[in-house]
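Working notes, beginning with the structure itself.
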Amino acid sequence: MSEIRLQAVDVCKTFGIVKAVQHVSIDFYKGEVHGLIGENGSGKSTLMQMLTGIYTIGSGKFILDGKEIHVKNQVEANNEGIAIIVQELGTLSGLTVAENIFLGHEDRFVKFGIKNTNAMVKEANELLKKYGFERINAADMIHRYNFEDRKLIEIVKSTYFAPKIVVIDETTTALSQEGREELYKHMERIRNEGNTVIFISHDLPEVLDKCDRVSVLRDGVYIDTVNASDVNEDDLKKLMVGRELGEHYYREDYGEKISDEVVMSVKNVTVPGVIYDVSFDLHKGEILGFGGLSECGMHEVGKAVFGASYDREGTVTLADGTLIDSIPVAIKHSIAYASKDRDNESIVINQSIGDNICLPSLDELGGSTHILNDKKLKEFAEKHAKEMTVKMVNTDQFVSELSGGNKQKVVLARWIGKNSDIIVLDSPTRGIDVKVKADIYALMDEMRKNGKSIIMISEEIMELIGMCDRIIIMKDGKNSGEELLRSPELTENDLIAKMV
Amino acid sequence: MGSSNSKGGLNKIFGRYTGAVILVGLILVSYGILKILRPDTFGQPNQVLGYFQQCLIDSVGAVGLYFIIVMGLFDFSIGANCILCAIVGTVCMKNLGMGYAGFLIAPILCGALVGLINGIAYIKLHIPSMIVTTGLALIYESVGYYVSGGVQAFLTKDQNFFGHAPGNLIIACAAFLLSYTILVYTKVGTYAYAIGSNEAVAKNMGINVNKYKVLTFVITGFFDGLMGILAISYGSSMVSVTGMASMSRNFAPTMGCFFGLAFRQFGLPIPAIIVGEFLIQIIYNGFVTLGAPTAIQNVVTGVALLLVVALTMKPVKGEIVK
Amino acid sequence: MANTDVIKNDEVLAAEEKALKRAVIASRVRAILPVIGLVAVSLIFNILSNGKLLAPMNIKLLMSQVYVTMIAATGVFFIMTMGGLDFSQGSILGIASIVFCYLSRFNIPLAIIGGVLAGACIGAINGYFYVKRKVKSFVVTICTMFLFRGVIEFATTNAPVQGDIVKTMSLDNNVVKMTITLIVLLTAFFFFRFTKFGRYLKAIGAGEKAAAFSGIETDKMKFMVYILAGAITGLAAFINVVKVGSVTASSGNQLETQIMIALVLGGMPISGGAKVKFENVVVGSLLYIILNAGLVTLGLTPALQQLIEGIVFLIVVAITSDRNSVQIVK
């Protein structure tokens, strides 16, 4: 049973100054489903992307069946018997289903340079039939199928050649129950054939249910490997979080009364296809949390409040009656927004730290003459960057060179510079290391004390419980009903119960 | 999302033949309108054949350029390349006494070589293809001038076999078939689409992106050579131009490619390219019989291309377009 | 454990600082290369032509060539800063020149306004298809270039279009032309450098979505800048007509290519963004014209001139482009 299939030996990887993976060694056995868990930024995806050639290996090695392997891309990984199903869409539009399934492996259909399309389609159809996906036609262009079907096609693409290792990287969150069952079936089949599934998921009950053993990473470091049958969810959580969530991390106060003053009122907001009929009030000086599964629509709530949604219905009204219906109006009326998609939406990635900090505040910096003064801008940027302790050489440094945590600090610096009263933070600590996380939590607490109102949208349940005065749980694009109030007794299970 | 576009209704009725129906319909409608307006001077059978032969030159260039366009790149040197190839072919046939063999082979080799230079320069310099090919077009134009000795290259009556049927049809049909084969039945076609769809993912899948980009430039150059043969044979002469005047030869093929892209969803890019070029010729000739000056061709091409692109693309909210 | 971590981080930071300093120096060098090129090209050709190139008479001639390119390049510069492209400038110049000629028969100020409005209208057409219909700027402007080139040919089918010769000729002096050019350049420089206008354009070029999320009305900006670029070239049409007197079918032909080459020679990053500098316009236009004129004074044939130009262009682009960036280049 416990024959070793794959060994990760002392594997490291750094991005700039961020150490994503540090000296990780794990053994994976033949015929097991091996769970790999950890918080966001714990390095589990990076480790698997090194294994499958998406990233180069920093240092250390992978040993497959006793032989060290070095793969440079997915096709080479496939040839070694390693496949991956990625979190995002891994199929290419513009190609047919068959072409996608065999991309990079066309050679066996090619004779004298001519590709036998019919044979390829025929074989692809046979594969699809074998997997039970008859309704998918291999000759069709792939963009005719929806996200879920494309994921199923990816399952075929990455497992038809009976690979020794299949990595499934957080695929289940994007799938419906039906799609999940489909995936579980194939995981089981792969295991029963004596091969190995490495299963990355945030859904702990799922991990416990489907995996034989579970390895835990935290902040890029290997923590432990346990038998799934020996542990429960709380044990896993303890391993993942690792630290006593104590004094200087989350907020400490309990029982403070939320002000009655409503600063913003959201009424019947609908964004077709994403969120439906969402209403809530935001009070002065509170942190209002939004939680839910990744596709529950909570991220769109932030955009809707900021006037950044398309086709939004319903109203977002400030205390003075101002209707927020576009980003410029929102910013003008002191609303700030930090997006989950930090690199594309929160900061102008190919610009300097200074330019980024000044950008929303140019009207104020221009004063009545509207003439910008370089020195004044530089002082402004430096002041707020230092205030946020951005680790940088100087404000001329490009944001693209910073780590995730420092980028987020720049994002916060620009809105603090703007002195916004309502701050919408979507996944503020996503992919950020512990130290910066603590800084951000402290800052949020300080802002709250200064009478600012914060909306915090997060997939990390612990930080919602630790930081928020009230938590609204979203489900299937709707407000799931009752809200959870701040209390030391609040547990993750209370939230999860309402999420699923 | 997928199939729920504005042509959903047509799709239901005609199924997999929707694209073909739209293409034939476009030709019949434009022909019909002009025929009603000018029943006597427009659209006699031999005239229609003439329009078709006129469109072959640009079509041949377009079916080659299509591979570049599909990858999301551009080639601004095809006009200069076409002129250069035509001149090289003529010189080989007439001055070097290589006959029709030289006239056929030399332009093709020259075109492919130019394509190779384009591709290598683009990869090595790491600058946008549009810019590289513009700079190189300057060079090709002047090389064309030197090869021709600064005088007009011309063909005598017995040398322009490829200027009329069946010569031009043979070359054009061969070109269309070749392009179709490469696109559908080789890895190059698949990889060109893959690179155009998402270069990063394609690279990850083990596709040697740079190699296929260069190869695609060579293919485009190859078809430019054929285009050059047809162009000089049709007009019997070719003048080398300078000052980027060759740019004007880029537009009709580019337009055809956009037509092809628009009909890619129906799986008919190559026929759509030819029909697109044919359509332009019909409209243009129709306008001329209506008494419009020849300058109208540019206007027709410009408006047609703008409308085709604007109407076939469905703007996606929040999409970043540069 | 935690302690060693901090120390290591500082080490890494120090290394980063070094790398950054190197990068800063490299980018500074790249930034002044066009200026060095300009000086070098001027000196080399001046020596080769025995001082003919920079002789006072020739400088006057040189300057008269530079005005139109430089003014029109200013508008394209704004567009390219946002990461867009405009290939319709030559046709805009032609159409605006025709409008100017017709209206100059009534009076000159009306004609100038007419030219500017004509340019702005074409710019608005570009902007409509680009912003509202989300067609790539490159495709849109190639279409309009072609389309309006046809219109120009149509208008000049029988004979070149001529304005009021007496009135226009009287304005053909360097003081008027230089004053207009300077006003355009200084105004553009002021707004680009010292108001939020320039910063917004750069932000759009560097990251459009983030720019929108910073409160910039990106669609409106893009639309307005295309109109502005059209209007600026419409103004250049005035100088163009005054200089050449009449409009032919090829009037303004290839202006767009000249502008693009000039801007690239001036060190303009082709995808716009944060590293754009206004000097790019001035240095680039001058470099392009002097290179051209220098090759002419050497008595080279047009074809040889072009060959050299093409090679110089590619060399400059190769030197100034940032090949270290991992960005995908299309």
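Identifiers in this document derive from the order of the structure tokens: chains are assigned A, B, ..., residues are numbered from 1 separately in each chain, and ligands are numbered from 1 in order of occurrence.
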
What lies within 10 Å of Tyr145 of chain B using only C-alpha atoms, ignoring chain neighbours under 4 positions off, as a ChimeraX atom specification? /B:83-84,87,139-141,149-152,239-242 /C:302-304

Can I get the selection written as a PDB file, in the first residue's frame, with N, CA and C atoms?
ATOM      1  N   ILE B  83       5.459  43.574 -53.756  1.00  0.00           N
ATOM      2  CA  ILE B  83       6.094  44.309 -54.847  1.00  0.00           C
ATOM      3  C   ILE B  83       7.491  43.751 -55.104  1.00  0.00           C
ATOM      4  N   LEU B  84       8.230  43.551 -54.017  1.00  0.00           N
ATOM      5  CA  LEU B  84       9.589  43.026 -54.143  1.00  0.00           C
ATOM      6  C   LEU B  84       9.574  41.671 -54.849  1.00  0.00           C
ATOM      7  N   ILE B  87       8.915  41.931 -58.554  1.00  0.00           N
ATOM      8  CA  ILE B  87      10.075  42.430 -59.287  1.00  0.00           C
ATOM      9  C   ILE B  87      11.141  41.339 -59.401  1.00  0.00           C
ATOM     10  N   ILE B 139      12.740  49.118 -45.658  1.00  0.00           N
ATOM     11  CA  ILE B 139      13.925  48.506 -46.264  1.00  0.00           C
ATOM     12  C   ILE B 139      13.546  47.702 -47.513  1.00  0.00           C
ATOM     13  N   TYR B 140      12.480  46.920 -47.412  1.00  0.00           N
ATOM     14  CA  TYR B 140      12.081  46.112 -48.578  1.00  0.00           C
ATOM     15  C   TYR B 140      11.734  46.982 -49.775  1.00  0.00           C
ATOM     16  N   GLU B 141      11.096  48.128 -49.503  1.00  0.00           N
ATOM     17  CA  GLU B 141      10.749  49.022 -50.607  1.00  0.00           C
ATOM     18  C   GLU B 141      11.999  49.455 -51.363  1.00  0.00           C
ATOM     19  N   GLY B 149      16.214  48.205 -60.663  1.00  0.00           N
ATOM     20  CA  GLY B 149      17.068  49.188 -61.312  1.00  0.00           C
ATOM     21  C   GLY B 149      16.365  50.525 -61.460  1.00  0.00           C
ATOM     22  N   GLY B 150      15.338  50.739 -60.669  1.00  0.00           N
ATOM     23  CA  GLY B 150      14.653  52.021 -60.697  1.00  0.00           C
ATOM     24  C   GLY B 150      13.700  52.178 -61.868  1.00  0.00           C
ATOM     25  N   VAL B 151      13.582  51.136 -62.696  1.00  0.00           N
ATOM     26  CA  VAL B 151      12.635  51.251 -63.808  1.00  0.00           C
ATOM     27  C   VAL B 151      11.478  50.295 -63.578  1.00  0.00           C
ATOM     28  N   GLN B 152      10.445  50.518 -64.362  1.00  0.00           N
ATOM     29  CA  GLN B 152       9.249  49.700 -64.216  1.00  0.00           C
ATOM     30  C   GLN B 152       9.521  48.273 -64.682  1.00  0.00           C
ATOM     31  N   VAL B 239       5.684  48.906 -60.537  1.00  0.00           N
ATOM     32  CA  VAL B 239       6.676  49.936 -60.275  1.00  0.00           C
ATOM     33  C   VAL B 239       7.116  49.813 -58.826  1.00  0.00           C
ATOM     34  N   SER B 240       8.398  49.870 -58.593  1.00  0.00           N
ATOM     35  CA  SER B 240       8.836  49.888 -57.200  1.00  0.00           C
ATOM     36  C   SER B 240       8.466  51.242 -56.621  1.00  0.00           C
ATOM     37  N   VAL B 241       8.010  51.234 -55.399  1.00  0.00           N
ATOM     38  CA  VAL B 241       7.595  52.492 -54.774  1.00  0.00           C
ATOM     39  C   VAL B 241       8.440  52.741 -53.534  1.00  0.00           C
ATOM     40  N   THR B 242       8.510  53.988 -53.129  1.00  0.00           N
ATOM     41  CA  THR B 242       9.180  54.315 -51.871  1.00  0.00           C
ATOM     42  C   THR B 242       8.255  55.201 -51.046  1.00  0.00           C
TER      43      THR B 242
ATOM     44  N   PRO C 302      16.514  58.605 -53.341  1.00  0.00           N
ATOM     45  CA  PRO C 302      15.452  58.359 -52.354  1.00  0.00           C
ATOM     46  C   PRO C 302      15.470  56.927 -51.830  1.00  0.00           C
ATOM     47  N   ALA C 303      15.754  55.981 -52.716  1.00  0.00           N
ATOM     48  CA  ALA C 303      15.726  54.583 -52.285  1.00  0.00           C
ATOM     49  C   ALA C 303      16.821  54.306 -51.257  1.00  0.00           C
ATOM     50  N   LEU C 304      18.000  54.850 -51.485  1.00  0.00           N
ATOM     51  CA  LEU C 304      19.099  54.628 -50.541  1.00  0.00           C
ATOM     52  C   LEU C 304      18.793  55.332 -49.217  1.00  0.00           C
TER      53      LEU C 304
END

For chain A against chain C, which residues fall within 6 Å using only C-alpha atoms, given as number ranges by chain? A: 327-328, 344-348, 350-351, 360, 371-372, 393

So that I have them on file, write out the residues from the current selection with all heavy atoms, as a compact mmCIF listing (two decimals), in the first residue's frame.
# COMPACT_ATOMS: atom_id res chain seq x y z
N ILE A 327 -18.05 55.13 -10.53
CA ILE A 327 -16.84 55.19 -9.72
C ILE A 327 -16.44 56.62 -9.37
O ILE A 327 -16.16 56.92 -8.20
CB ILE A 327 -15.67 54.45 -10.42
CG1 ILE A 327 -16.05 52.98 -10.62
CG2 ILE A 327 -14.39 54.57 -9.62
CD1 ILE A 327 -15.07 52.20 -11.47
N PRO A 328 -16.43 57.54 -10.36
CA PRO A 328 -16.04 58.91 -9.99
C PRO A 328 -16.92 59.51 -8.90
O PRO A 328 -16.43 60.18 -8.00
CB PRO A 328 -16.17 59.68 -11.31
CG PRO A 328 -15.98 58.65 -12.36
CD PRO A 328 -16.58 57.40 -11.82
N ASN A 344 -4.94 44.18 -11.29
CA ASN A 344 -5.63 44.81 -12.41
C ASN A 344 -6.52 45.95 -12.00
O ASN A 344 -6.71 46.90 -12.76
CB ASN A 344 -6.48 43.77 -13.16
CG ASN A 344 -5.64 42.92 -14.07
OD1 ASN A 344 -4.82 43.44 -14.83
ND2 ASN A 344 -5.83 41.62 -13.99
N GLU A 345 -7.11 45.84 -10.83
CA GLU A 345 -8.14 46.81 -10.49
C GLU A 345 -7.77 47.77 -9.36
O GLU A 345 -8.26 48.88 -9.31
CB GLU A 345 -9.44 46.08 -10.14
CG GLU A 345 -10.01 45.35 -11.33
CD GLU A 345 -11.31 44.62 -11.04
OE1 GLU A 345 -11.65 44.42 -9.86
OE2 GLU A 345 -11.98 44.24 -11.99
N SER A 346 -6.90 47.33 -8.46
CA SER A 346 -6.61 48.19 -7.31
C SER A 346 -5.48 49.17 -7.58
O SER A 346 -5.50 50.30 -7.12
CB SER A 346 -6.24 47.35 -6.10
OG SER A 346 -7.37 46.72 -5.58
N ILE A 347 -4.46 48.71 -8.30
CA ILE A 347 -3.33 49.59 -8.55
C ILE A 347 -2.96 49.55 -10.02
O ILE A 347 -3.16 48.54 -10.70
CB ILE A 347 -2.08 49.17 -7.75
CG1 ILE A 347 -2.04 47.67 -7.63
CG2 ILE A 347 -1.96 49.90 -6.47
CD1 ILE A 347 -0.75 47.16 -7.11
N VAL A 348 -2.41 50.67 -10.49
CA VAL A 348 -1.90 50.70 -11.85
C VAL A 348 -0.53 50.04 -11.80
O VAL A 348 0.44 50.62 -11.31
CB VAL A 348 -1.80 52.13 -12.38
CG1 VAL A 348 -1.41 52.12 -13.85
CG2 VAL A 348 -3.12 52.85 -12.20
N ASN A 350 1.86 49.08 -13.79
CA ASN A 350 3.07 49.55 -14.48
C ASN A 350 3.37 51.02 -14.21
O ASN A 350 3.79 51.75 -15.09
CB ASN A 350 2.95 49.31 -15.98
CG ASN A 350 3.07 47.85 -16.32
OD1 ASN A 350 3.96 47.17 -15.81
ND2 ASN A 350 2.18 47.35 -17.13
N GLN A 351 3.09 51.45 -13.00
CA GLN A 351 3.42 52.82 -12.64
C GLN A 351 4.14 52.83 -11.29
O GLN A 351 4.17 51.82 -10.59
CB GLN A 351 2.13 53.64 -12.54
CG GLN A 351 1.94 54.55 -13.73
CD GLN A 351 0.79 55.50 -13.55
OE1 GLN A 351 -0.15 55.23 -12.83
NE2 GLN A 351 0.86 56.63 -14.22
N PRO A 360 -5.70 59.09 -7.23
CA PRO A 360 -7.08 59.48 -6.90
C PRO A 360 -7.18 60.87 -6.28
O PRO A 360 -8.25 61.44 -6.22
CB PRO A 360 -7.52 58.42 -5.87
CG PRO A 360 -6.45 57.40 -5.82
CD PRO A 360 -5.22 58.03 -6.33
N ILE A 371 -2.93 73.19 -11.08
CA ILE A 371 -1.57 72.93 -11.54
C ILE A 371 -0.88 72.00 -10.55
O ILE A 371 -0.92 72.22 -9.34
CB ILE A 371 -0.78 74.26 -11.68
CG1 ILE A 371 -1.42 75.11 -12.76
CG2 ILE A 371 0.69 73.97 -12.01
CD1 ILE A 371 -0.87 76.50 -12.86
N LEU A 372 -0.27 70.95 -11.06
CA LEU A 372 0.36 69.97 -10.19
C LEU A 372 1.83 70.34 -9.96
O LEU A 372 2.52 70.74 -10.88
CB LEU A 372 0.28 68.58 -10.80
CG LEU A 372 -1.14 68.06 -11.05
CD1 LEU A 372 -1.08 66.74 -11.79
CD2 LEU A 372 -1.90 67.92 -9.75
N VAL A 393 12.36 51.05 -2.06
CA VAL A 393 13.59 51.82 -2.15
C VAL A 393 13.26 53.30 -2.13
O VAL A 393 13.78 54.06 -1.35
CB VAL A 393 14.37 51.44 -3.42
CG1 VAL A 393 15.64 52.26 -3.52
CG2 VAL A 393 14.68 49.95 -3.43

Residues of chain B near chain C: apply a cut-off of 6 Å, count only C-alpha atoms, and supply the list as a ChimeraX atom specification. /B:73,125-126,128,135,138-139,142,295-296,298-299,302,315,321-322

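Distance annotation: of A:Ser176, A:Gln397, A:Asn116, A:Ser334, the residue with the minimal separation from chain B is A:Asn116; atom set is only C-alpha atoms.
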
Identify, with DSSP run on backbone atoms, the residues in segment 191-278 of chain B assigned to alpha helix (DSSP H), and express the list as a ChimeraX atom specification. /B:191-197,199-204,209-235,248-262,269-278

Would you give me, as CSV, each residue of chain A having an atom within 8 Å of an atom of chain B, along with its shortest atom pair and that distance in Å to one decimal, using only C-alpha atoms and sorting by chain and residue number?
residue,atom,partner,partner_atom,distance
A:Gly53,CA,B:Asn204,CA,7.7
A:Ile54,CA,B:Asn204,CA,6.2
A:Lys72,CA,B:Gly206,CA,7.9
A:Asn73,CA,B:Asn204,CA,5.1
A:Gln74,CA,B:Met205,CA,5.0
A:Val75,CA,B:Gly206,CA,5.0
A:Glu76,CA,B:Gly206,CA,7.0
A:Gly90,CA,B:Val201,CA,7.3
A:Leu92,CA,B:Ser197,CA,6.0
A:Ser93,CA,B:Ser197,CA,5.8
A:Gly94,CA,B:Tyr193,CA,5.9
A:Leu95,CA,B:Tyr193,CA,6.6
A:Glu99,CA,B:Thr190,CA,7.2
A:Leu103,CA,B:Met205,CA,7.1
A:Gly104,CA,B:Gly206,CA,6.2
A:Glu106,CA,B:Lys187,CA,7.1
A:Val110,CA,B:Thr186,CA,7.6
A:Gly113,CA,B:Thr186,CA,6.3
A:Ile114,CA,B:Thr186,CA,5.2
A:Lys115,CA,B:Tyr185,CA,4.6
A:Asn116,CA,B:Tyr185,CA,6.6
A:Thr117,CA,B:Tyr185,CA,6.5
A:His143,CA,B:Gly2,CA,5.6
A:Arg144,CA,B:Gly2,CA,4.6
A:Tyr145,CA,B:Gly2,CA,6.7
A:Asn146,CA,B:Met1,CA,7.2
A:Tyr310,CA,B:Lys317,CA,7.3

With only C-alpha atoms as the counted atoms, please give the residues lying no more than 12 Å from Phe176 of chain B, apart from itself and same-chain residues fewer than 5 positions off, as a VMD selection string. chain B and resid 56 to 64 66 169 to 171 181 to 183 223 226 to 227 269 to 274

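If you look at atom CA of Asp158 of chain B and atom CA of Ile282 of chain B, they are 29.0 Å away from each other.
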
To one decimal place, how far is atom CA of Gly132 of chain A from atom CA of Ile155 of chain A in Å? 11.7 Å

At what distance in Å, to one decimal, does atom CA of Ser453 of chain A lie from atom CA of Lys284 of chain A? 5.3 Å

What's around Val399 of chain A at 10 Å? Count only C-alpha atoms, leave out sequence neighbours fewer than 2 positions away in its own chain, and write the answer as a short mmCIF file (atom, residue, chain, number, x, y, z; two decimals) with N, CA, C and O atoms, in the first residue's frame.
data_model
loop_
_atom_site.label_atom_id
_atom_site.label_comp_id
_atom_site.auth_asym_id
_atom_site.auth_seq_id
_atom_site.Cartn_x
_atom_site.Cartn_y
_atom_site.Cartn_z
N ASP A 343 -3.88 43.35 -8.85
CA ASP A 343 -2.97 43.80 -9.90
C ASP A 343 -3.68 44.51 -11.06
O ASP A 343 -3.08 45.32 -11.75
N ILE A 347 -4.46 48.71 -8.30
CA ILE A 347 -3.33 49.59 -8.55
C ILE A 347 -2.96 49.55 -10.02
O ILE A 347 -3.16 48.54 -10.70
N VAL A 348 -2.41 50.67 -10.49
CA VAL A 348 -1.90 50.70 -11.85
C VAL A 348 -0.53 50.04 -11.80
O VAL A 348 0.44 50.62 -11.31
N ILE A 349 -0.48 48.82 -12.27
CA ILE A 349 0.68 47.97 -11.97
C ILE A 349 1.96 48.49 -12.62
O ILE A 349 3.03 48.41 -12.04
N ASN A 350 1.86 49.08 -13.79
CA ASN A 350 3.07 49.55 -14.48
C ASN A 350 3.37 51.02 -14.21
O ASN A 350 3.79 51.75 -15.09
N GLN A 351 3.09 51.45 -13.00
CA GLN A 351 3.42 52.82 -12.64
C GLN A 351 4.14 52.83 -11.29
O GLN A 351 4.17 51.82 -10.59
N SER A 352 4.71 53.98 -10.98
CA SER A 352 5.48 54.05 -9.75
C SER A 352 4.55 54.10 -8.53
O SER A 352 3.36 54.39 -8.65
N ILE A 353 5.14 53.81 -7.38
CA ILE A 353 4.40 53.89 -6.13
C ILE A 353 3.82 55.30 -5.96
O ILE A 353 2.65 55.48 -5.62
N GLY A 354 4.65 56.29 -6.26
CA GLY A 354 4.23 57.69 -6.09
C GLY A 354 3.03 58.01 -6.96
O GLY A 354 2.03 58.56 -6.48
N ASP A 355 3.11 57.67 -8.24
CA ASP A 355 1.99 57.96 -9.14
C ASP A 355 0.72 57.29 -8.64
O ASP A 355 -0.36 57.86 -8.71
N ASN A 356 0.87 56.07 -8.15
CA ASN A 356 -0.31 55.33 -7.69
C ASN A 356 -0.95 55.98 -6.48
O ASN A 356 -2.18 56.07 -6.40
N MET A 392 10.11 49.73 0.44
CA MET A 392 10.46 50.15 -0.92
C MET A 392 11.78 50.87 -0.89
O MET A 392 12.28 51.26 0.17
N THR A 395 9.78 56.15 -3.72
CA THR A 395 8.45 56.15 -4.32
C THR A 395 8.49 56.09 -5.85
O THR A 395 7.45 55.99 -6.49
N ASP A 396 9.69 56.17 -6.43
CA ASP A 396 9.79 56.04 -7.89
C ASP A 396 9.79 54.58 -8.33
O ASP A 396 9.70 54.28 -9.51
N GLN A 397 9.93 53.69 -7.35
CA GLN A 397 9.95 52.27 -7.68
C GLN A 397 8.59 51.85 -8.27
O GLN A 397 7.55 52.32 -7.82
N GLU A 401 7.12 45.67 -9.04
CA GLU A 401 8.24 44.99 -8.40
C GLU A 401 7.97 44.63 -6.94
O GLU A 401 8.80 43.99 -6.31
N LEU A 402 6.83 45.07 -6.42
CA LEU A 402 6.59 44.85 -4.99
C LEU A 402 5.91 43.51 -4.74
O LEU A 402 5.30 42.92 -5.62
N SER A 403 6.03 43.04 -3.50
CA SER A 403 5.32 41.82 -3.11
C SER A 403 3.85 42.14 -2.90
O SER A 403 3.46 43.30 -2.81
N GLY A 404 3.05 41.08 -2.83
CA GLY A 404 1.60 41.27 -2.68
C GLY A 404 1.24 42.13 -1.48
O GLY A 404 0.41 43.03 -1.58
N ASN A 406 3.05 44.40 0.06
CA ASN A 406 3.42 45.79 -0.15
C ASN A 406 2.53 46.49 -1.16
O ASN A 406 2.22 47.67 -1.03
N LYS A 407 2.10 45.73 -2.17
CA LYS A 407 1.14 46.30 -3.12
C LYS A 407 -0.12 46.71 -2.38
O LYS A 407 -0.64 47.81 -2.58
N VAL A 410 0.27 49.87 -0.63
CA VAL A 410 0.18 51.02 -1.53
C VAL A 410 -1.29 51.34 -1.81
O VAL A 410 -1.70 52.51 -1.82
#

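Residues lying within 10 Å of Tyr222 of chain A, counting only C-alpha atoms and ignoring same-chain neighbours fewer than 6 positions away, are Asp10, Val21, Gln22, His23, Val24, Ser25, Ile26, Gly38, Ser42, Gly43, Lys44, Ser215 and Val216 of chain A.
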
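For the set A:Ala338, A:Ala497, A:Leu377, A:Ile223, the residue with the smallest atom-to-atom gap to Thr429 of chain A is A:Ala338, counting only C-alpha atoms.
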
Just want the 7 Å neighbourhood of Gly289 of chain A, counted on only C-alpha atoms, with same-chain residues fewer than 5 positions away dropped. Output as an MDAnalysis selection string. chainID A and resid 455:457 464 468 470:472

Near-segment 176-186 of chain C list (7 Å; only C-alpha atoms; drop same-chain fewer than 6 positions) as a count of residues only: 3

Identify all residues of segment 69-147 of chain A in strand (DSSP E) (DSSP on the backbone) and supply them as number ranges by chain. A: 69, 82-85, 110-111, 114-115
